[in-house]
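Notes follow the structure.
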Amino acid sequence: MKRPSLYFTEAHDLFRQSVRQFIETEVVPHTDEWETNRRIPLSVFQRMGELGYLGLPFPEEFGGVDADFWYSVVFLEELARCGMGGFTTAVSVHEYMAINHISKAGSYALKQRYLIPAIAGEKVAALAITEPDTGSDVSAIRTTAILTEAGDAFIVNGAKTFISNGTYGDFATLVVKTGGATSDTGGKSGGLSLLVVDLDSVGITRTKLNKIGWHSSDTAEIHFDDVRVPADNLIGQLNKGFYYLMESLQLERLVAAVMAVSGAQQALDWTLAYLNEREAFGRKIGTFQAIRHKIADVATEIEMARQFVYHTCWLYTQGDVVVKECSMAKLAASEMQKRVVDTCLQFFGGYGYMEDYPIARAYRDVRVGTIAGGSSEIMREIISRIVVDAVAYKPVYDGAETKA
Ligand SMILES: Cc1cc2nc3c(=O)[nH]c(=O)nc-3n(C[C@H](O)[C@H](O)[C@H](O)COP(=O)(O)OP(=O)(O)OC[C@H]3O[C@@H](n4cnc5c(N)ncnc54)[C@H](O)[C@@H]3O)c2cc1C
């Protein structure tokens, strides 16, 4: 009999089967088309909306499912098994990085206008933090949003880059500078706010970027030239953006870690199948000890990362501030996935280098895992501040507005 999981119930297992079937029948067959077109059709977002996948963590009031966090873990694990880092990114950025800010701190009106259509898959969202001159140092961003004299709108000027869903997406949760770096606005890290911006607004220019991997996701550089944004598109409080971001980045890192472990497992699964097919010197290559021992190392690395990531997910569900563990999980899992995919590709021999084999795409896609969403160096900085300097973090959100 199967031992009960510490984390997943039978209902989670059933949900996993349904997501797996969706990925196998409605996503994987489109891999070549979406990767070649460098684009995911809106229809697949709409389909995921219909199935409830895009609303898992959000309140029912706004079309969400209000499911416990383990449903999201299942969804992200299955998503990452599609073998397209681009698709996985586009969906996870939309659901777990861009619209969660609106759900957590946005006004009721913002939720009506943006959260509901995003959960339904009618509108695709981006999260725009990084700028051409600054990425890791979020406090140094320069895109400004200045309130008009009438106080009814912000005028936005500046540029963002490397923005996933930025080319074809409908709106962005945009990080802007709204105040100087004074003690009133929270010192160096203050003066940042989050605005919801329609990406077809007058004054916005979007340029699609060419990437090594993640081909199916569109990544944009976005310029803002006197873009008028209604004042009530502000998410939460003015000048509180840095703190909102710092808290939500924990979820972003946890999501990245969950997907990295699952992506590594997928690479191992492809490899195990190949070891049983391919022969050399009259034997299946899976019988060579040199390969078997490497596979043992890979399986061990994946399992260790998985258990730590699950433990961190559990801490997260307890409402703990898990800055240290989320940073460790992102660091360990993304570095592990990079090593695992490289090792696995080796055992495909020359075929591993051919585009027809998914391991080749995984090799291209995995490289950015230790850069995007906070680089490994930044994860080490955060962890060392907590471990060496005993820096402590506190919760930020003081309750979301859910009623009109
Ligand atoms: C495909 C892709 C998709 C992305 N999607 C998004 C998105 O949707 N939204 C978004 O806002 N951003 C996105 N990003 C941006 C990503 O988060 C940044 O690239 C990342 O945070 C690093 O910032 P940077 O590129 O400016 O590098 P920099 O900050 O310029 O860093 C350059 C190098 O210096 C290192 N470094 C920087 N500071 C330190 C330090 N204090 N100590 C040690 N080393 C340091 C970095 O680790 C890195 O190796 C995406 C990036 C890519 C490539």
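All residue names refer to the structure tokens as shown: chains lettered A, B, ... in order, residues numbered from 1 in each chain, ligands numbered from 1 in order.
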
- Ile155 of chain A surroundings by only C-alpha atoms, 6 Å radius, close-in-sequence under 2 positions cut, as a list in words: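 Once the nearby chain positions are removed, what remains is Ala145, Ile146, Asp226, Val227 and Arg228 of chain A.
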
Residues of segment 52-100 of chain A within 12 Å of segment 270-293 of chain A: nearest atom pair and distance (Å, one decimal) for each, counting only C-alpha atoms, sorted by chain and number, as CSV?
```
residue,atom,partner,partner_atom,distance
A:Arg81,CA,A:Trp270,CA,10.6
A:Cys82,CA,A:Trp270,CA,11.9
A:Gly83,CA,A:Trp270,CA,10.2
```

Go ahead and save the picked residues with C-alpha atoms, as a PDB file, in the first residue's frame.
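Below is the file that was written, again.pdb:
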```pdb
ATOM      1  CA  ARG A  81       7.065  18.562 -17.016  1.00  0.00           C
ATOM      2  CA  CYS A  82       5.837  19.978 -20.330  1.00  0.00           C
ATOM      3  CA  GLY A  83       9.449  20.269 -21.472  1.00  0.00           C
TER       4      GLY A  83
END
```

- Query: Which protein, DNA or RNA residues have an atom within 7 Å of ligand 1, counting only C-alpha atoms and all ligand atoms, as a ChimeraX atom specification?
  - Reply: /A:93,126-137,161-165,211,214,219,368,371-378,381

- Query: What does the distance between atom CA of Leu209 of chain A and atom CA of Phe224 of chain A come to in Å, to one decimal place?
  - Reply: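 Between atom CA of Leu209 of chain A and atom CA of Phe224 of chain A the gap works out to 16.8 Å.
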
Distance query segment 94-107 of chain A at most 10 Å, only C-alpha atoms, self and fewer than 5 positions along chain excluded, as a short mmCIF file (atom, residue, chain, number, x, y, z; two decimals) with N, CA, C and O atoms, in the first residue's frame:
```
data_model
loop_
_atom_site.label_atom_id
_atom_site.label_comp_id
_atom_site.auth_asym_id
_atom_site.auth_seq_id
_atom_site.Cartn_x
_atom_site.Cartn_y
_atom_site.Cartn_z
N PHE A 45 -4.28 29.99 -22.60
CA PHE A 45 -4.56 30.66 -21.32
C PHE A 45 -6.06 30.56 -21.01
O PHE A 45 -6.46 30.29 -19.88
N TYR A 53 -7.19 26.41 -13.57
CA TYR A 53 -5.77 26.34 -13.21
C TYR A 53 -5.18 27.72 -12.88
O TYR A 53 -4.24 27.81 -12.09
N LEU A 54 -5.70 28.77 -13.52
CA LEU A 54 -5.09 30.08 -13.31
C LEU A 54 -5.61 30.78 -12.05
O LEU A 54 -5.13 31.84 -11.67
N GLY A 55 -6.60 30.14 -11.42
CA GLY A 55 -7.19 30.78 -10.24
C GLY A 55 -6.95 30.00 -8.96
O GLY A 55 -7.56 30.29 -7.93
N LEU A 56 -6.03 29.03 -9.01
CA LEU A 56 -5.87 28.13 -7.86
C LEU A 56 -5.71 28.86 -6.52
O LEU A 56 -6.42 28.55 -5.57
N PRO A 57 -4.80 29.87 -6.43
CA PRO A 57 -4.59 30.46 -5.11
C PRO A 57 -5.52 31.63 -4.80
O PRO A 57 -5.38 32.23 -3.73
N PHE A 58 -6.42 31.97 -5.70
CA PHE A 58 -7.18 33.22 -5.54
C PHE A 58 -8.60 32.98 -5.03
O PHE A 58 -9.18 31.91 -5.24
N PRO A 59 -9.18 34.03 -4.39
CA PRO A 59 -10.52 33.86 -3.80
C PRO A 59 -11.60 33.57 -4.85
O PRO A 59 -11.54 34.07 -5.98
N PHE A 62 -13.46 36.25 -6.94
CA PHE A 62 -12.92 36.81 -8.17
C PHE A 62 -12.70 35.74 -9.25
O PHE A 62 -11.92 35.91 -10.17
N SER A 72 -1.27 24.32 -5.87
CA SER A 72 -0.36 25.11 -6.71
C SER A 72 0.94 24.36 -6.94
O SER A 72 1.50 24.38 -8.04
N LEU A 76 2.32 23.44 -10.58
CA LEU A 76 3.63 23.90 -11.05
C LEU A 76 4.53 22.72 -11.41
O LEU A 76 5.28 22.77 -12.39
N THR A 89 7.31 29.29 -17.83
CA THR A 89 7.56 30.64 -17.32
C THR A 89 6.38 31.56 -17.55
O THR A 89 5.94 32.28 -16.66
N GLN A 112 -11.62 43.64 -9.88
CA GLN A 112 -12.68 43.45 -10.88
C GLN A 112 -12.12 43.61 -12.29
O GLN A 112 -12.43 42.84 -13.19
N TYR A 114 -8.85 43.58 -13.41
CA TYR A 114 -7.67 42.84 -13.87
C TYR A 114 -7.59 41.40 -13.35
O TYR A 114 -7.21 40.50 -14.09
N LEU A 115 -7.92 41.22 -12.07
CA LEU A 115 -7.76 39.87 -11.51
C LEU A 115 -8.75 38.90 -12.16
O LEU A 115 -8.36 37.78 -12.56
N ILE A 116 -10.00 39.32 -12.26
CA ILE A 116 -11.03 38.41 -12.81
C ILE A 116 -10.68 37.97 -14.24
O ILE A 116 -10.62 36.76 -14.51
N ALA A 118 -7.81 37.94 -15.65
CA ALA A 118 -6.54 37.18 -15.65
C ALA A 118 -6.78 35.74 -15.19
O ALA A 118 -6.20 34.79 -15.73
N ILE A 119 -7.62 35.57 -14.20
CA ILE A 119 -7.94 34.23 -13.71
C ILE A 119 -8.69 33.44 -14.78
O ILE A 119 -8.52 32.22 -14.93
N GLY A 121 -8.15 33.74 -17.86
CA GLY A 121 -7.27 33.55 -19.02
C GLY A 121 -7.65 34.43 -20.19
O GLY A 121 -7.21 34.20 -21.32
N LYS A 123 -7.05 37.75 -20.09
CA LYS A 123 -5.97 38.75 -20.17
C LYS A 123 -4.70 38.13 -19.60
O LYS A 123 -4.75 37.43 -18.58
N VAL A 124 -3.57 38.42 -20.25
CA VAL A 124 -2.29 37.87 -19.79
C VAL A 124 -1.48 38.98 -19.12
O VAL A 124 -1.43 40.11 -19.60
N ALA A 125 -0.85 38.61 -17.99
CA ALA A 125 -0.16 39.62 -17.17
C ALA A 125 1.35 39.42 -17.15
O ALA A 125 1.85 38.29 -17.28
N ALA A 126 2.04 40.54 -16.95
CA ALA A 126 3.50 40.52 -16.80
C ALA A 126 3.87 41.19 -15.49
O ALA A 126 3.05 41.95 -14.92
N LEU A 127 5.06 40.91 -15.01
CA LEU A 127 5.59 41.63 -13.85
C LEU A 127 6.84 42.36 -14.33
O LEU A 127 7.79 41.72 -14.79
N ALA A 128 6.82 43.69 -14.25
CA ALA A 128 7.93 44.46 -14.83
C ALA A 128 8.73 45.17 -13.74
O ALA A 128 8.33 46.23 -13.26
N SER A 164 8.95 39.01 -19.17
CA SER A 164 8.21 37.85 -19.69
C SER A 164 6.74 38.24 -19.88
O SER A 164 6.19 38.96 -19.04
N ASN A 165 6.14 37.78 -20.95
CA ASN A 165 4.76 38.14 -21.34
C ASN A 165 4.66 39.63 -21.72
O ASN A 165 3.56 40.17 -21.85
N GLY A 169 1.46 40.36 -23.82
CA GLY A 169 0.61 40.44 -22.62
C GLY A 169 -0.30 41.66 -22.66
O GLY A 169 -0.06 42.62 -23.42
N PHE A 171 -1.49 43.40 -19.65
CA PHE A 171 -1.17 44.42 -18.65
C PHE A 171 0.03 43.97 -17.82
O PHE A 171 0.39 42.79 -17.83
N ALA A 172 0.61 44.96 -17.13
CA ALA A 172 1.78 44.63 -16.29
C ALA A 172 1.59 45.20 -14.91
O ALA A 172 1.01 46.27 -14.73
N THR A 173 2.09 44.45 -13.94
CA THR A 173 2.30 45.01 -12.61
C THR A 173 3.66 45.66 -12.70
O THR A 173 4.69 44.98 -12.84
N LEU A 174 3.65 46.98 -12.68
CA LEU A 174 4.86 47.75 -13.01
C LEU A 174 5.44 48.36 -11.74
O LEU A 174 4.70 48.97 -10.95
N LEU A 194 3.77 50.04 -6.85
CA LEU A 194 3.33 49.11 -7.89
C LEU A 194 2.09 49.69 -8.57
O LEU A 194 1.13 50.08 -7.90
N LEU A 195 2.12 49.72 -9.89
CA LEU A 195 0.98 50.22 -10.68
C LEU A 195 0.55 49.16 -11.66
O LEU A 195 1.40 48.45 -12.22
N VAL A 196 -0.75 49.05 -11.91
CA VAL A 196 -1.20 48.19 -13.00
C VAL A 196 -1.28 49.04 -14.26
O VAL A 196 -1.94 50.09 -14.26
N ASP A 232 -6.01 55.41 -9.62
CA ASP A 232 -6.51 54.26 -8.85
C ASP A 232 -6.00 52.91 -9.36
O ASP A 232 -6.42 51.86 -8.89
N ASN A 233 -5.03 52.96 -10.29
CA ASN A 233 -4.34 51.72 -10.68
C ASN A 233 -3.16 51.41 -9.74
O ASN A 233 -2.43 50.44 -9.95
N LEU A 234 -2.99 52.25 -8.72
CA LEU A 234 -1.95 51.99 -7.71
C LEU A 234 -2.34 50.75 -6.91
O LEU A 234 -3.48 50.62 -6.45
N ILE A 235 -1.39 49.83 -6.75
CA ILE A 235 -1.64 48.62 -5.94
C ILE A 235 -1.20 48.92 -4.50
O ILE A 235 -0.04 49.27 -4.26
N GLY A 236 -2.13 48.81 -3.58
CA GLY A 236 -1.78 49.04 -2.17
C GLY A 236 -1.43 50.50 -1.92
O GLY A 236 -1.99 51.40 -2.52
N GLN A 237 -0.44 50.69 -1.05
CA GLN A 237 -0.10 52.06 -0.65
C GLN A 237 1.07 52.62 -1.45
O GLN A 237 1.96 51.88 -1.86
N GLY A 241 5.97 49.82 -2.42
CA GLY A 241 6.24 48.79 -3.43
C GLY A 241 7.41 47.88 -3.11
O GLY A 241 7.35 46.67 -3.34
N TYR A 244 6.33 45.25 -0.66
CA TYR A 244 5.44 44.26 -1.29
C TYR A 244 6.27 43.28 -2.13
O TYR A 244 6.06 42.07 -2.10
N LEU A 245 7.21 43.88 -2.89
CA LEU A 245 8.04 43.03 -3.76
C LEU A 245 8.87 42.05 -2.97
O LEU A 245 8.96 40.88 -3.30
N SER A 248 6.75 39.23 -1.83
CA SER A 248 6.23 38.32 -2.86
C SER A 248 7.36 37.60 -3.58
O SER A 248 7.15 36.55 -4.17
N LEU A 249 8.57 38.17 -3.52
CA LEU A 249 9.69 37.48 -4.16
C LEU A 249 9.93 36.13 -3.51
O LEU A 249 10.49 35.22 -4.11
N LEU A 251 7.58 34.01 -2.69
CA LEU A 251 6.73 33.08 -3.45
C LEU A 251 7.36 32.80 -4.81
O LEU A 251 7.42 31.66 -5.27
N GLU A 252 7.86 33.88 -5.44
CA GLU A 252 8.47 33.74 -6.77
C GLU A 252 9.62 32.73 -6.71
O GLU A 252 9.78 31.88 -7.58
N ARG A 253 10.41 32.82 -5.67
CA ARG A 253 11.57 31.92 -5.54
C ARG A 253 11.14 30.49 -5.24
O ARG A 253 11.73 29.53 -5.75
N VAL A 255 8.28 29.17 -6.15
CA VAL A 255 7.72 28.68 -7.42
C VAL A 255 8.85 28.22 -8.35
O VAL A 255 8.80 27.14 -8.94
N GLY A 373 14.71 35.89 -11.87
CA GLY A 373 14.00 35.78 -10.59
C GLY A 373 14.96 35.85 -9.40
O GLY A 373 14.67 35.32 -8.33
N TYR A 397 2.26 42.40 4.22
CA TYR A 397 0.86 42.66 3.89
C TYR A 397 0.02 42.69 5.16
O TYR A 397 0.15 41.83 6.02
N ASP A 398 -0.86 43.70 5.24
CA ASP A 398 -1.70 43.76 6.44
C ASP A 398 -3.15 43.47 6.09
O ASP A 398 -4.07 44.01 6.66
N GLY A 399 -3.38 42.63 5.12
CA GLY A 399 -4.76 42.25 4.78
C GLY A 399 -5.18 42.82 3.45
O GLY A 399 -4.99 44.00 3.19
N ALA A 400 -5.75 41.97 2.58
CA ALA A 400 -6.16 42.43 1.26
C ALA A 400 -7.58 42.95 1.31
O ALA A 400 -8.38 42.54 2.15
N GLU A 401 -7.88 43.88 0.40
CA GLU A 401 -9.23 44.41 0.32
C GLU A 401 -10.05 43.49 -0.56
O GLU A 401 -9.74 43.31 -1.74
N THR A 402 -11.08 42.87 -0.03
CA THR A 402 -11.85 41.95 -0.86
C THR A 402 -13.29 42.43 -1.05
O THR A 402 -14.01 41.89 -1.86
N LYS A 403 -13.68 43.42 -0.29
CA LYS A 403 -15.06 43.91 -0.41
C LYS A 403 -15.08 45.28 -1.08
O LYS A 403 -14.15 46.05 -0.96
N ALA A 404 -16.19 45.56 -1.77
CA ALA A 404 -16.32 46.85 -2.43
C ALA A 404 -16.38 47.95 -1.39
O ALA A 404 -16.92 47.73 -0.32
#
```

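For Val261 of chain A, the non-local neighbours within 8 Å, defined as residues at least 5 positions apart in the same chain or in other chains and counting only C-alpha atoms, are A:Glu77, A:Ile302, A:Ala305, A:Arg306, A:Ala333, A:Ser334, A:Gln337.
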
- Item | Distance query segment 312-328 of chain A at most 7 Å, only C-alpha atoms, self and fewer than 4 positions along chain excluded, as a PyMOL selection string | chain A and resi 69+250+253-254+308+332+379+383+386+393-395

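We find atom CA of Thr205 of chain A and atom CA of Ser92 of chain A to be spaced 24.2 Å apart.
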
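Between atom CA of Ala257 of chain A and atom CA of Ala299 of chain A there is a distance of 16.4 Å.
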
- Quick one: everything within 8 Å of Glu335 of chain A, counting only C-alpha atoms, minus sequence neighbours fewer than 4 positions away in the same chain. Send it as a VMD selection string. chain A and resid 331 339 369 to 370 376
